[in-house]
$ cat my_file-v4.txt   # compact mmCIF, C-alpha atoms and all ligand atoms
# COMPACT_ATOMS: atom_id res chain seq x y z
CA MET A 199 41.28 101.54 88.03
CA THR A 200 40.94 103.52 84.77
CA ALA A 201 42.29 102.45 81.41
CA SER A 202 44.67 105.42 81.32
CA SER A 203 46.23 104.56 84.75
CA ASN A 204 46.65 100.97 83.56
CA LEU A 205 48.47 102.18 80.47
CA LEU A 206 50.68 104.38 82.65
CA ARG A 207 51.64 101.40 84.84
CA ILE A 208 52.49 99.32 81.77
CA HIS A 209 54.52 102.23 80.37
CA HIS A 210 56.49 102.50 83.66
CA ALA A 211 57.06 98.74 83.76
CA ILE A 212 58.40 98.77 80.20
CA ASN A 213 60.63 101.72 81.04
CA ARG A 214 61.98 99.95 84.11
CA GLN A 215 62.71 96.82 82.10
CA SER A 216 64.39 98.63 79.24
CA LYS A 217 66.55 100.59 81.72
CA ARG A 218 67.76 97.31 83.25
CA ALA A 219 68.42 95.81 79.88
CA TYR A 220 70.45 98.78 78.64
CA HIS A 221 72.61 98.71 81.74
CA ASP A 222 73.16 95.02 81.94
CA LEU A 223 73.08 93.60 78.46
CA ILE A 224 76.47 93.59 76.77
CA THR A 225 76.71 92.02 73.37
CA LEU A 226 80.19 90.77 72.61
CA PRO A 227 81.51 89.78 69.17
CA SER A 228 80.19 86.30 69.92
CA LYS A 229 76.66 87.77 70.24
CA LYS A 230 76.40 86.18 73.70
CA PRO A 231 74.44 88.38 76.08
CA ILE A 232 75.88 88.94 79.55
CA ILE A 233 73.11 89.72 81.98
CA SER A 234 74.09 90.37 85.59
CA GLN A 235 71.69 90.15 88.48
CA GLY A 236 71.81 90.86 92.19
CA PRO A 237 74.42 92.50 94.41
CA PRO A 238 77.97 91.15 93.99
CA GLY A 239 78.74 87.89 95.78
CA TYR A 240 78.29 84.13 95.93
CA SER A 241 74.56 84.23 95.15
CA ALA A 242 74.75 86.90 92.45
CA VAL A 243 74.97 86.26 88.73
CA THR A 244 77.70 88.22 86.94
CA GLY A 245 76.40 86.88 83.65
CA HIS A 246 79.84 85.62 82.65
CA VAL A 247 80.35 81.97 81.85
CA VAL A 248 83.98 80.97 82.16
CA THR A 249 85.77 77.71 81.38
CA VAL A 250 88.88 76.90 83.44
CA PHE A 251 90.97 74.14 81.87
CA GLY A 252 93.42 72.94 84.54
CA CYS A 253 90.91 73.78 87.30
CA THR A 254 91.80 70.62 89.24
CA GLY A 255 95.39 71.78 89.84
CA PHE A 256 97.03 73.98 92.45
CA LEU A 257 96.36 77.40 90.87
CA GLY A 258 93.07 76.25 89.32
CA ARG A 259 91.23 75.70 92.60
CA TYR A 260 91.90 79.26 93.78
CA LEU A 261 90.82 80.76 90.47
CA VAL A 262 87.58 78.76 90.45
CA SER A 263 86.90 79.84 94.03
CA LYS A 264 87.47 83.52 93.26
CA LEU A 265 85.33 83.42 90.11
CA ALA A 266 82.49 81.54 91.78
CA ARG A 267 82.52 83.90 94.74
CA GLN A 268 81.73 86.78 92.37
CA GLY A 269 78.75 84.85 91.00
CA THR A 270 80.38 83.73 87.76
CA GLN A 271 79.34 80.40 86.32
CA VAL A 272 82.41 78.21 85.93
CA ILE A 273 82.75 75.19 83.65
CA VAL A 274 85.26 72.83 85.29
CA PRO A 275 86.67 70.23 82.88
CA TYR A 276 88.03 67.20 84.75
CA ARG A 277 89.71 63.88 83.97
CA ASP A 278 89.30 62.10 87.28
CA GLU A 279 85.93 62.14 89.12
CA ASP A 280 87.56 62.70 92.50
CA GLU A 281 89.73 65.60 91.34
CA LYS A 282 86.82 68.01 90.89
CA ARG A 283 84.71 67.21 93.94
CA HIS A 284 86.17 69.98 96.10
CA LEU A 285 85.29 72.56 93.43
CA LYS A 286 81.53 71.94 93.53
CA PRO A 287 80.74 73.83 96.80
CA MET A 288 82.82 76.82 95.73
CA GLY A 289 79.84 78.27 93.86
CA ASP A 290 76.11 78.62 94.36
CA LEU A 291 73.78 75.88 93.14
CA GLY A 292 74.34 75.25 89.43
CA GLN A 293 77.23 77.70 89.16
CA ILE A 294 79.99 75.07 89.05
CA VAL A 295 79.49 72.82 86.05
CA PRO A 296 81.84 69.80 85.84
CA MET A 297 82.43 68.33 82.38
CA GLU A 298 84.59 65.32 81.60
CA TRP A 299 87.31 65.96 79.00
CA ASP A 300 90.42 64.64 77.37
CA ILE A 301 92.98 67.08 76.02
CA ARG A 302 93.12 65.07 72.74
CA ASN A 303 89.36 65.07 72.22
CA GLU A 304 88.29 68.10 70.14
CA ASN A 305 84.56 67.46 70.56
CA GLN A 306 84.83 67.44 74.34
CA ILE A 307 86.87 70.66 74.30
CA ALA A 308 84.26 72.29 72.04
CA GLU A 309 81.50 71.22 74.46
CA CYS A 310 83.42 72.72 77.37
CA VAL A 311 83.77 76.16 75.74
CA ARG A 312 80.44 76.32 73.90
CA HIS A 313 78.67 78.74 76.27
CA SER A 314 81.69 80.57 77.66
CA ASP A 315 82.77 84.13 77.04
CA ILE A 316 86.21 83.63 78.64
CA VAL A 317 88.39 80.54 78.51
CA PHE A 318 91.35 80.12 80.87
CA ASN A 319 94.00 77.53 80.04
CA LEU A 320 95.93 76.55 83.16
CA VAL A 321 96.82 73.09 81.90
CA GLY A 322 100.49 72.31 82.41
CA ARG A 323 102.75 69.61 83.75
CA ASP A 324 106.27 70.07 85.07
CA TYR A 325 107.28 66.48 84.31
CA ALA A 326 106.74 64.22 81.30
CA THR A 327 104.78 60.97 81.53
CA LYS A 328 104.56 57.94 79.24
CA SER A 329 101.25 59.19 77.84
CA PHE A 330 102.03 62.92 77.71
CA ASP A 331 105.40 64.46 76.99
CA PHE A 332 105.98 68.18 77.63
CA ALA A 333 105.02 69.20 74.09
CA SER A 334 101.75 67.27 73.98
CA VAL A 335 100.47 69.21 77.01
CA GLN A 336 102.14 72.60 76.77
CA VAL A 337 102.30 73.02 72.97
CA ASP A 338 99.80 70.80 71.11
CA GLY A 339 97.26 70.78 73.95
CA ALA A 340 97.41 74.56 74.40
CA GLU A 341 97.11 75.15 70.66
CA ARG A 342 94.14 72.77 70.39
CA ILE A 343 92.22 74.51 73.17
CA ALA A 344 92.98 77.99 71.75
CA LYS A 345 92.00 76.96 68.22
CA ILE A 346 88.69 75.42 69.30
CA ALA A 347 87.90 78.42 71.51
CA ALA A 348 88.49 80.72 68.51
CA GLN A 349 86.36 78.53 66.21
CA SER A 350 83.56 78.48 68.80
CA GLY A 351 83.44 82.28 68.87
CA VAL A 352 84.75 82.66 72.43
CA PRO A 353 85.66 86.36 72.72
CA ARG A 354 88.56 86.05 75.21
CA PHE A 355 91.30 83.55 75.91
CA VAL A 356 93.78 83.61 78.81
CA HIS A 357 96.77 81.26 78.69
CA VAL A 358 98.99 80.61 81.71
CA SER A 359 102.62 80.12 80.74
CA HIS A 360 105.75 80.55 82.91
CA LEU A 361 108.03 83.45 83.83
CA ASN A 362 111.00 81.51 82.43
CA ALA A 363 109.40 80.51 79.12
CA SER A 364 112.18 80.68 76.54
CA ALA A 365 112.85 78.90 73.27
CA THR A 366 116.57 78.78 74.11
CA SER A 367 116.22 77.44 77.67
CA PRO A 368 118.03 74.17 78.50
CA SER A 369 114.81 73.09 80.29
CA LYS A 370 112.24 71.24 78.20
CA LEU A 371 109.44 72.71 80.34
CA TYR A 372 110.50 76.31 79.67
CA GLN A 373 111.12 75.59 75.97
CA THR A 374 107.68 74.08 75.46
CA LYS A 375 106.05 76.91 77.44
CA ALA A 376 107.60 79.38 74.95
CA GLU A 377 106.48 77.33 71.96
CA GLY A 378 103.01 77.01 73.51
CA GLU A 379 102.74 80.81 73.79
CA GLU A 380 103.57 81.19 70.11
CA ARG A 381 101.04 78.59 69.01
CA VAL A 382 98.33 80.09 71.23
CA ASN A 383 98.97 83.57 69.84
CA THR A 384 98.63 82.23 66.30
CA ALA A 385 95.52 80.17 67.03
CA PHE A 386 93.70 82.85 69.03
CA LYS A 387 94.21 86.50 68.04
CA GLY A 388 94.26 88.73 71.11
CA ALA A 389 94.96 85.99 73.66
CA THR A 390 96.29 87.15 77.03
CA ILE A 391 99.46 85.35 78.16
CA ILE A 392 100.22 85.21 81.88
CA ARG A 393 103.75 84.37 83.02
CA PRO A 394 103.86 83.70 86.77
CA GLY A 395 107.03 82.98 88.74
CA PRO A 396 107.27 79.85 90.96
CA LEU A 397 104.07 79.61 93.01
CA TYR A 398 103.86 78.95 96.74
CA GLY A 399 100.80 78.07 98.80
CA TYR A 400 99.20 75.11 100.61
CA GLU A 401 99.57 72.57 97.81
CA ASP A 402 102.81 73.94 96.33
CA LYS A 403 105.92 72.10 95.23
CA LEU A 404 108.14 74.84 96.64
CA LEU A 405 107.81 75.37 100.41
CA ASN A 406 106.50 71.83 100.99
CA ASN A 407 109.31 70.37 98.95
CA LEU A 408 111.95 72.55 100.66
CA ALA A 409 110.71 71.23 104.01
CA ILE A 410 110.65 67.56 102.96
CA TRP A 411 113.57 67.25 100.51
CA PRO A 412 116.09 70.01 101.36
CA ILE A 413 118.91 68.00 99.76
CA TRP A 414 117.53 68.55 96.23
CA TRP A 415 117.42 72.33 96.75
CA LYS A 416 121.11 72.43 97.52
CA LEU A 417 122.01 71.74 93.89
CA ASN A 418 124.14 74.56 92.45
CA ASP A 419 125.22 75.26 96.08
CA ALA A 420 121.67 76.61 96.55
CA LYS A 421 122.82 79.81 94.81
CA THR A 422 120.14 79.72 92.09
CA ARG A 423 118.01 82.86 92.17
CA THR A 424 114.26 82.65 92.33
CA ARG A 425 111.30 85.05 92.43
CA PRO A 426 108.52 83.15 94.24
CA VAL A 427 104.98 84.47 94.06
CA HIS A 428 101.92 83.80 96.22
CA VAL A 429 99.36 81.61 94.45
CA MET A 430 96.52 83.84 95.74
CA ASP A 431 98.06 86.91 94.07
CA VAL A 432 98.21 85.16 90.71
CA ALA A 433 94.67 83.76 91.11
CA GLN A 434 93.46 87.30 91.91
CA VAL A 435 95.09 88.66 88.75
CA LEU A 436 93.35 85.98 86.69
CA ALA A 437 90.00 86.68 88.37
CA ASN A 438 90.45 90.44 87.77
CA LEU A 439 90.85 89.79 84.04
CA VAL A 440 87.12 89.06 83.85
CA HIS A 441 86.45 92.77 84.34
CA ASN A 442 89.77 94.15 83.12
CA ALA A 443 90.45 92.61 79.71
CA GLN A 444 94.13 92.76 78.83
CA GLN A 445 93.73 91.33 75.36
CA GLY A 446 96.83 90.72 73.28
CA ARG A 447 99.18 91.33 76.22
CA THR A 448 101.87 89.17 77.80
CA ILE A 449 101.87 89.84 81.54
CA ALA A 450 104.83 88.79 83.70
CA LEU A 451 104.03 88.07 87.35
CA PRO A 452 107.29 87.42 89.24
CA GLY A 453 107.37 87.64 93.02
CA PRO A 454 108.34 91.03 94.48
CA SER A 455 111.86 89.95 95.57
CA THR A 456 114.71 87.97 94.09
CA LEU A 457 115.89 85.37 96.60
CA THR A 458 118.18 82.34 96.58
CA TYR A 459 117.29 78.73 97.37
CA GLU A 460 119.81 79.07 100.20
CA TYR A 461 117.66 81.78 101.78
CA LEU A 462 114.46 79.79 101.26
CA LEU A 463 116.06 76.74 102.92
CA ASP A 464 117.01 78.97 105.88
CA LEU A 465 113.52 80.45 105.99
CA VAL A 466 111.79 77.07 106.07
CA SER A 467 114.27 75.71 108.61
CA SER A 468 113.77 78.76 110.91
CA LEU A 469 109.99 78.66 110.67
CA THR A 470 109.72 74.92 111.24
CA PHE A 471 112.46 74.77 113.93
CA GLN A 472 113.98 71.90 111.98
CA PRO A 473 117.80 72.04 111.97
CA PRO A 474 119.28 72.98 108.58
CA SER A 475 120.05 69.95 106.42
CA ARG A 476 123.65 68.75 106.74
CA ALA A 477 123.41 66.73 103.54
CA PRO A 478 126.29 67.41 101.12
CA VAL A 479 125.76 69.20 97.83
CA VAL A 480 124.99 66.55 95.22
CA PRO A 481 126.90 67.01 91.91
CA LYS A 482 124.68 67.65 88.89
CA SER A 483 125.71 64.41 87.13
CA VAL A 484 124.72 62.36 90.20
CA ALA A 485 121.45 64.23 90.59
CA LEU A 486 120.63 63.60 86.92
CA ALA A 487 121.43 59.89 87.28
CA VAL A 488 119.18 59.63 90.36
CA ALA A 489 116.40 61.53 88.61
CA LYS A 490 116.64 59.24 85.57
CA ALA A 491 116.49 56.15 87.80
CA ALA A 492 113.45 57.65 89.58
CA GLN A 493 111.58 57.59 86.25
CA ALA A 494 111.15 53.84 86.76
CA VAL A 495 108.33 54.37 89.27
CA TRP A 496 104.97 55.59 88.04
CA TRP A 497 104.41 58.35 90.59
CA PRO A 498 106.29 61.63 90.11
CA LEU A 499 109.60 61.96 91.96
CA LEU A 500 112.46 64.25 90.97
CA SER A 501 112.53 64.48 87.15
CA PRO A 502 115.69 65.11 85.08
CA ASP A 503 114.19 68.35 83.77
CA GLU A 504 113.65 69.51 87.35
CA VAL A 505 117.34 68.97 88.05
CA VAL A 506 118.16 71.13 85.03
CA ARG A 507 115.73 73.82 86.25
CA ARG A 508 117.39 73.95 89.68
CA TYR A 509 120.41 75.53 87.92
CA ILE A 510 118.43 78.19 86.07
CA ASP A 511 117.91 81.62 87.66
CA ASP A 512 114.39 82.99 87.30
CA ALA A 513 114.13 85.54 84.47
CA ASP A 514 114.65 89.13 85.61
CA THR A 515 111.70 90.39 83.53
CA PRO A 516 109.98 93.29 85.35
CA GLY A 517 106.55 92.48 86.80
CA ASP A 518 103.35 93.94 85.27
CA TRP A 519 101.41 93.93 88.54
CA ASP A 520 100.27 97.57 88.33
CA SER A 521 98.26 96.99 85.18
CA VAL A 522 96.31 94.14 86.75
CA GLY A 523 95.45 95.75 90.07
CA VAL A 524 97.30 93.46 92.50
CA THR A 525 100.26 94.16 94.80
CA PRO A 526 102.28 90.96 95.24
CA SER A 527 103.12 89.98 98.79
CA GLU A 528 106.47 88.90 100.22
CA ILE A 529 106.98 85.22 100.98
CA GLU A 530 107.69 85.91 104.68
CA GLN A 531 104.13 87.24 105.06
CA HIS A 532 102.58 83.86 104.25
CA ALA A 533 105.20 81.11 104.58
CA ILE A 534 104.27 80.17 108.16
CA GLN A 535 100.71 79.36 107.08
CA TYR A 536 102.05 76.70 104.75
CA VAL A 537 104.98 75.25 106.71
CA ARG A 538 103.62 75.25 110.27
CA ARG A 539 102.52 71.65 109.71
CA TYR A 540 106.22 70.66 109.62
CA ARG A 541 106.76 71.89 113.20
CA SER A 542 106.88 69.35 115.99
CA ALA A 543 104.09 69.47 118.61
CA GLU A 544 106.23 71.28 121.19
CA ASN A 545 107.23 73.98 118.69
CA PHE A 546 103.82 74.36 117.11
CA SER A 547 102.89 77.70 118.70
CA ARG A 548 106.33 79.24 119.14
CA PRO A 549 106.79 82.77 117.71
CA ASN A 550 108.15 82.89 114.18
CA VAL A 551 111.85 83.44 113.61
CA PHE A 552 113.01 84.91 110.28
CA PRO A 553 116.58 84.54 109.04
CA PRO A 554 118.28 87.69 107.71
CA ARG A 555 117.91 88.14 103.97
CA PRO A 556 121.17 87.86 102.01
CA VAL A 557 122.71 91.37 101.78
CA LEU A 558 123.47 91.12 98.06
CA VAL A 559 119.84 90.37 97.20
CA GLU A 560 118.53 93.12 99.51
CA GLU A 561 120.76 95.70 97.83
CA GLU A 562 119.63 94.68 94.38
CA VAL A 563 115.90 94.52 94.78
CA GLY A 564 115.08 96.44 97.96
CA LEU A 565 113.04 95.04 100.79
CA GLY A 566 109.30 95.53 100.74
CA PHE A 567 108.91 93.37 103.82
N1 LIG B 601 103.15 75.81 90.11
C1 LIG B 601 104.04 76.68 89.72
O1 LIG B 601 105.01 76.98 90.44
C2 LIG B 601 103.89 77.38 88.41
C3 LIG B 601 104.72 78.48 88.10
C4 LIG B 601 104.56 79.12 86.88
C5 LIG B 601 103.60 78.68 85.97
N2 LIG B 601 102.82 77.61 86.29
C6 LIG B 601 101.83 77.18 85.31
O2 LIG B 601 100.54 77.44 85.84
C7 LIG B 601 99.62 76.45 85.41
C8 LIG B 601 98.95 75.81 86.63
O3 LIG B 601 99.98 75.32 87.48
P1 LIG B 601 99.65 74.38 88.70
O4 LIG B 601 100.76 74.50 89.67
O5 LIG B 601 98.25 74.63 89.14
O6 LIG B 601 99.76 72.94 88.02
P2 LIG B 601 99.18 71.55 88.56
O7 LIG B 601 98.81 71.62 89.98
O8 LIG B 601 100.15 70.51 88.13
O9 LIG B 601 97.82 71.38 87.72
C9 LIG B 601 97.90 71.18 86.37
C10 LIG B 601 96.53 71.07 85.76
O10 LIG B 601 96.70 70.67 84.40
C11 LIG B 601 95.96 69.48 84.17
N3 LIG B 601 96.68 68.59 83.27
C12 LIG B 601 97.98 68.27 83.29
N4 LIG B 601 98.26 67.41 82.31
C13 LIG B 601 97.09 67.19 81.66
C14 LIG B 601 96.73 66.38 80.56
N5 LIG B 601 97.60 65.61 79.91
N6 LIG B 601 95.44 66.36 80.17
C15 LIG B 601 94.53 67.13 80.81
N7 LIG B 601 94.80 67.93 81.86
C16 LIG B 601 96.08 67.94 82.28
C17 LIG B 601 95.81 68.81 85.52
O11 LIG B 601 94.68 67.97 85.48
P3 LIG B 601 94.59 66.64 86.38
O12 LIG B 601 94.20 67.10 87.75
O13 LIG B 601 93.54 65.84 85.70
O14 LIG B 601 95.95 65.99 86.33
C18 LIG B 601 95.65 70.02 86.43
O15 LIG B 601 94.33 70.45 86.41
C19 LIG B 601 100.45 75.44 84.61
O16 LIG B 601 100.33 75.74 83.26
C20 LIG B 601 101.86 75.68 85.08
O17 LIG B 601 102.80 75.33 84.10
C21 LIG B 601 102.93 76.96 87.49
$ encode --input "my_file-v4.txt" --output "structure tokens"
Amino acid sequence: MTASSNLLRIHHAINRQSKRAYHDLITLPSKKPIISQGPPGYSAVTGHVVTVFGCTGFLGRYLVSKLARQGTQVIVPYRDEDEKRHLKPMGDLGQIVPMEWDIRNENQIAECVRHSDIVFNLVGRDYATKSFDFASVQVDGAERIAKIAAQSGVPRFVHVSHLNASATSPSKLYQTKAEGEERVNTAFKGATIIRPGPLYGYEDKLLNNLAIWPIWWKLNDAKTRTRPVHVMDVAQVLANLVHNAQQGRTIALPGPSTLTYEYLLDLVSSLTFQPPSRAPVVPKSVALAVAKAAQAVWWPLLSPDEVVRRYIDDADTPGDWDSVGVTPSEIEQHAIQYVRRYRSAENFSRPNVFPPRPVLVEEEVGLGF
């Protein structure tokens, strides 16, 4: 082989390499290179490194799964060893990186975000505990994570709040969610705020709870209006944000229809073939007294704030689904998947029966189903 043909081969090799680099190397304000490799999928590398605080929860597991399936490396901060085990096989070898953390420990938070170019904060709790009241998780905790992410040069921050976040809400959860949004926006310029409606899915506290404790959904005569949303739809929106930055925006994600708890009780009862609950409607004062008494046990039962929330209609803020590339699905499309386990053996395979939707609600919001 001549010297000139050797030079030509080297020249081609360099050209090939520089082509790849120009296509794949993106330098963000953080100066972190993002180099993707391979066709999309589980074994690919998108080049993104993402931290998901709150990954061990209901929404978190689906987000981690969707990110890992694209080939994104996910840092999964955990408190309890056992709570993160199911996340490990969601990604290829080395793509799911568990790191122990405490929401009060700034050094651990900094370690968790050090290599990431996107940080998701899904941490939240819908009841207060002796160690953590609402504000310490939803306000101080959220601010701390956002501040450390900003200081560490993380280019993007996504914070999950709630559709009903409002400083004037009678619910402590919704109040602290609103305050948390404000603090996050101050601590991290350009943060994306996501406001989902009540989530339903396998591990939810909506359909499962309606099936097990119908009596507590009859508060307010079950007339409270709600806009439930499928957990997978919200997880998909979050996963899409990796490629579709919506920086500085607040995105509301209510379900596609406004329904009442009365309708949801009927829906669960029809799908499970369990007779509708004949329990009387409990007055609010009694429900609050029971909820306060239930605070004596250490595991979460009905909390007083939950009783207050049962009387609050979901905000009628329009959804921003179009901008994030997801069409939300109706609850009737998925509910059977999650409540079939409450059917008795003889009813297990019977065809599904849907109750009629309340006329008033149909007229107002239209039926996509
Ligand atoms: N579920 C809904 O219907 C709904 C509706 C609208 C908005 N959201 C919001 O969406 C986010 C995710 O909801 P989710 O249903 O997935 O909640 P979830 O199942 O209760 O999970 C909450 C996550 O936050 C973590 N967390 C809670 N308190 C913590 C603390 N003191 N220190 C460290 N980590 C803590 C939990 O970690 P551990 O596993 O270690 O406890 C868990 O990973 C929350 O911000 C929630 O407010 C939920």
$ residues_near_ligand --input "my_file-v4.txt" --ligand "ligand LIG 601 (chain B)" --cutoff "9 Å" --atoms "all atoms listed in the file" --output "PyMOL selection string"
chain A and resi 250-259+275-278+281-282+299-302+319-324+327+329-331+334-336+339+357-362+371-372+375+392-398+401-404+426-427+429+451
$ residues_around --input "my_file-v4.txt" --residues "Gln531 (chain A)" --least-positions-apart "3" --cutoff "10 Å" --atoms "all atoms listed in the file" --output "list in words"
His428, Ser527, Glu528, Ile534, Gln535 and Phe567 of chain A
$ residues_around --input "my_file-v4.txt" --residues "Pro238 (chain A)" --least-positions-apart "3" --cutoff "8 Å" --atoms "only C-alpha atoms" --output "list in words"
Ser241, Ala242, Val243, Thr244, Gln268 and Gly269 of chain A
$ atom_distance --input "my_file-v4.txt" --atom1 "CA of Ile413 (chain A)" --atom2 "CA of Trp496 (chain A)"
22.0 Å
$ atom_distance --input "my_file-v4.txt" --atom1 "CA of Arg539 (chain A)" --atom2 "CA of Pro526 (chain A)"
24.1 Å
$ closest_residue --input "my_file-v4.txt" --among "A:His441, A:Lys416, A:Arg555, A:Lys230" --to "Arg312 (chain A)" --atoms "all atoms listed in the file"
A:Lys230
$ atom_distance --input "my_file-v4.txt" --atom1 "CA of Gly289 (chain A)" --atom2 "CA of Thr448 (chain A)"
29.4 Å
$ closest_residue --input "my_file-v4.txt" --among "A:Pro231, A:Pro296, A:Pro237, A:Gly523" --to "Thr249 (chain A)" --atoms "all atoms listed in the file"
A:Pro296
$ closest_residue --input "my_file-v4.txt" --among "A:Trp415, A:Tyr461, A:Phe332, A:Phe318" --to "Leu500 (chain A)" --atoms "all atoms listed in the file"
A:Trp415
$ closest_residue --input "my_file-v4.txt" --among "A:Phe471, A:Tyr509, A:Trp497, A:Phe552" --to "Arg538 (chain A)" --atoms "all atoms listed in the file"
A:Phe471
$ residues_near_point --input "my_file-v4.txt" --point "(102.7, 73.6, 71.2)" --cutoff "7 Å" --atoms "all atoms listed in the file" --output "ChimeraX atom specification"
/A:333-334,336-341,374,377-378,381
$ residues_around --input "my_file-v4.txt" --residues "Leu291 (chain A)" --least-positions-apart "3" --cutoff "10 Å" --atoms "all atoms listed in the file" --output "ChimeraX atom specification"
/A:240-241,271,286-288,294-295
$ closest_residue --input "my_file-v4.txt" --among "A:Ala543, A:Val311, A:Ala365, A:Val247" --to "Ser234 (chain A)" --atoms "only C-alpha atoms"
A:Val247
$ closest_residue --input "my_file-v4.txt" --among "A:Glu544, A:Ala533, A:Gly453, A:Arg447" --to "Tyr400 (chain A)" --atoms "all atoms listed in the file"
A:Ala533
$ residues_near_point --input "my_file-v4.txt" --point "(98.7, 91.8, 88.9)" --cutoff "9 Å" --atoms "all atoms listed in the file" --output "number ranges by chain"
A: 431-432, 434-436, 438, 449-451, 517-526
$ residues_around --input "my_file-v4.txt" --residues "Ile410 (chain A)" --least-positions-apart "6" --cutoff "12 Å" --atoms "only C-alpha atoms" --output "ChimeraX atom specification"
/A:403-404,463,466-467,470,472,474-475,537,539-541
$ residues_around --input "my_file-v4.txt" --residues "Glu460 (chain A)" --least-positions-apart "5" --cutoff "9 Å" --atoms "all atoms listed in the file" --output "list in words"
Trp415, Lys416, Asp419, Ala420, Lys421, Thr422 and Leu465 of chain A
$ build_atoms --input "my_file-v4.txt" --residues "region 497-508 of chain A" --atoms "N, CA, C and O atoms" --output "compact mmCIF listing (two decimals), in the coordinates of the input"
# COMPACT_ATOMS: atom_id res chain seq x y z
N TRP A 497 104.81 57.09 89.98
CA TRP A 497 104.41 58.35 90.59
C TRP A 497 105.56 59.36 90.45
O TRP A 497 106.72 58.98 90.37
N PRO A 498 105.25 60.65 90.41
CA PRO A 498 106.29 61.63 90.11
C PRO A 498 107.28 61.83 91.27
O PRO A 498 106.87 62.13 92.39
N LEU A 499 108.54 61.61 91.00
CA LEU A 499 109.60 61.96 91.96
C LEU A 499 110.38 63.11 91.30
O LEU A 499 109.83 63.83 90.50
N LEU A 500 111.64 63.22 91.62
CA LEU A 500 112.46 64.25 90.97
C LEU A 500 112.65 63.88 89.49
O LEU A 500 113.04 62.76 89.19
N SER A 501 112.35 64.81 88.57
CA SER A 501 112.53 64.48 87.15
C SER A 501 113.84 65.11 86.66
O SER A 501 114.30 66.11 87.23
N PRO A 502 114.44 64.54 85.59
CA PRO A 502 115.69 65.11 85.08
C PRO A 502 115.54 66.59 84.70
O PRO A 502 116.44 67.39 84.94
N ASP A 503 114.37 66.95 84.15
CA ASP A 503 114.19 68.35 83.77
C ASP A 503 114.17 69.27 85.01
O ASP A 503 114.60 70.41 84.95
N GLU A 504 113.68 68.72 86.12
CA GLU A 504 113.65 69.51 87.35
C GLU A 504 115.08 69.78 87.83
O GLU A 504 115.37 70.87 88.33
N VAL A 505 115.93 68.78 87.67
CA VAL A 505 117.34 68.97 88.05
C VAL A 505 117.92 70.10 87.20
O VAL A 505 118.56 71.02 87.72
N VAL A 506 117.65 70.07 85.91
CA VAL A 506 118.16 71.13 85.03
C VAL A 506 117.62 72.49 85.50
O VAL A 506 118.35 73.48 85.57
N ARG A 507 116.35 72.54 85.86
CA ARG A 507 115.73 73.82 86.25
C ARG A 507 116.32 74.37 87.54
O ARG A 507 116.32 75.58 87.76
N ARG A 508 116.80 73.49 88.41
CA ARG A 508 117.39 73.95 89.68
C ARG A 508 118.65 74.79 89.46
O ARG A 508 119.15 75.42 90.38
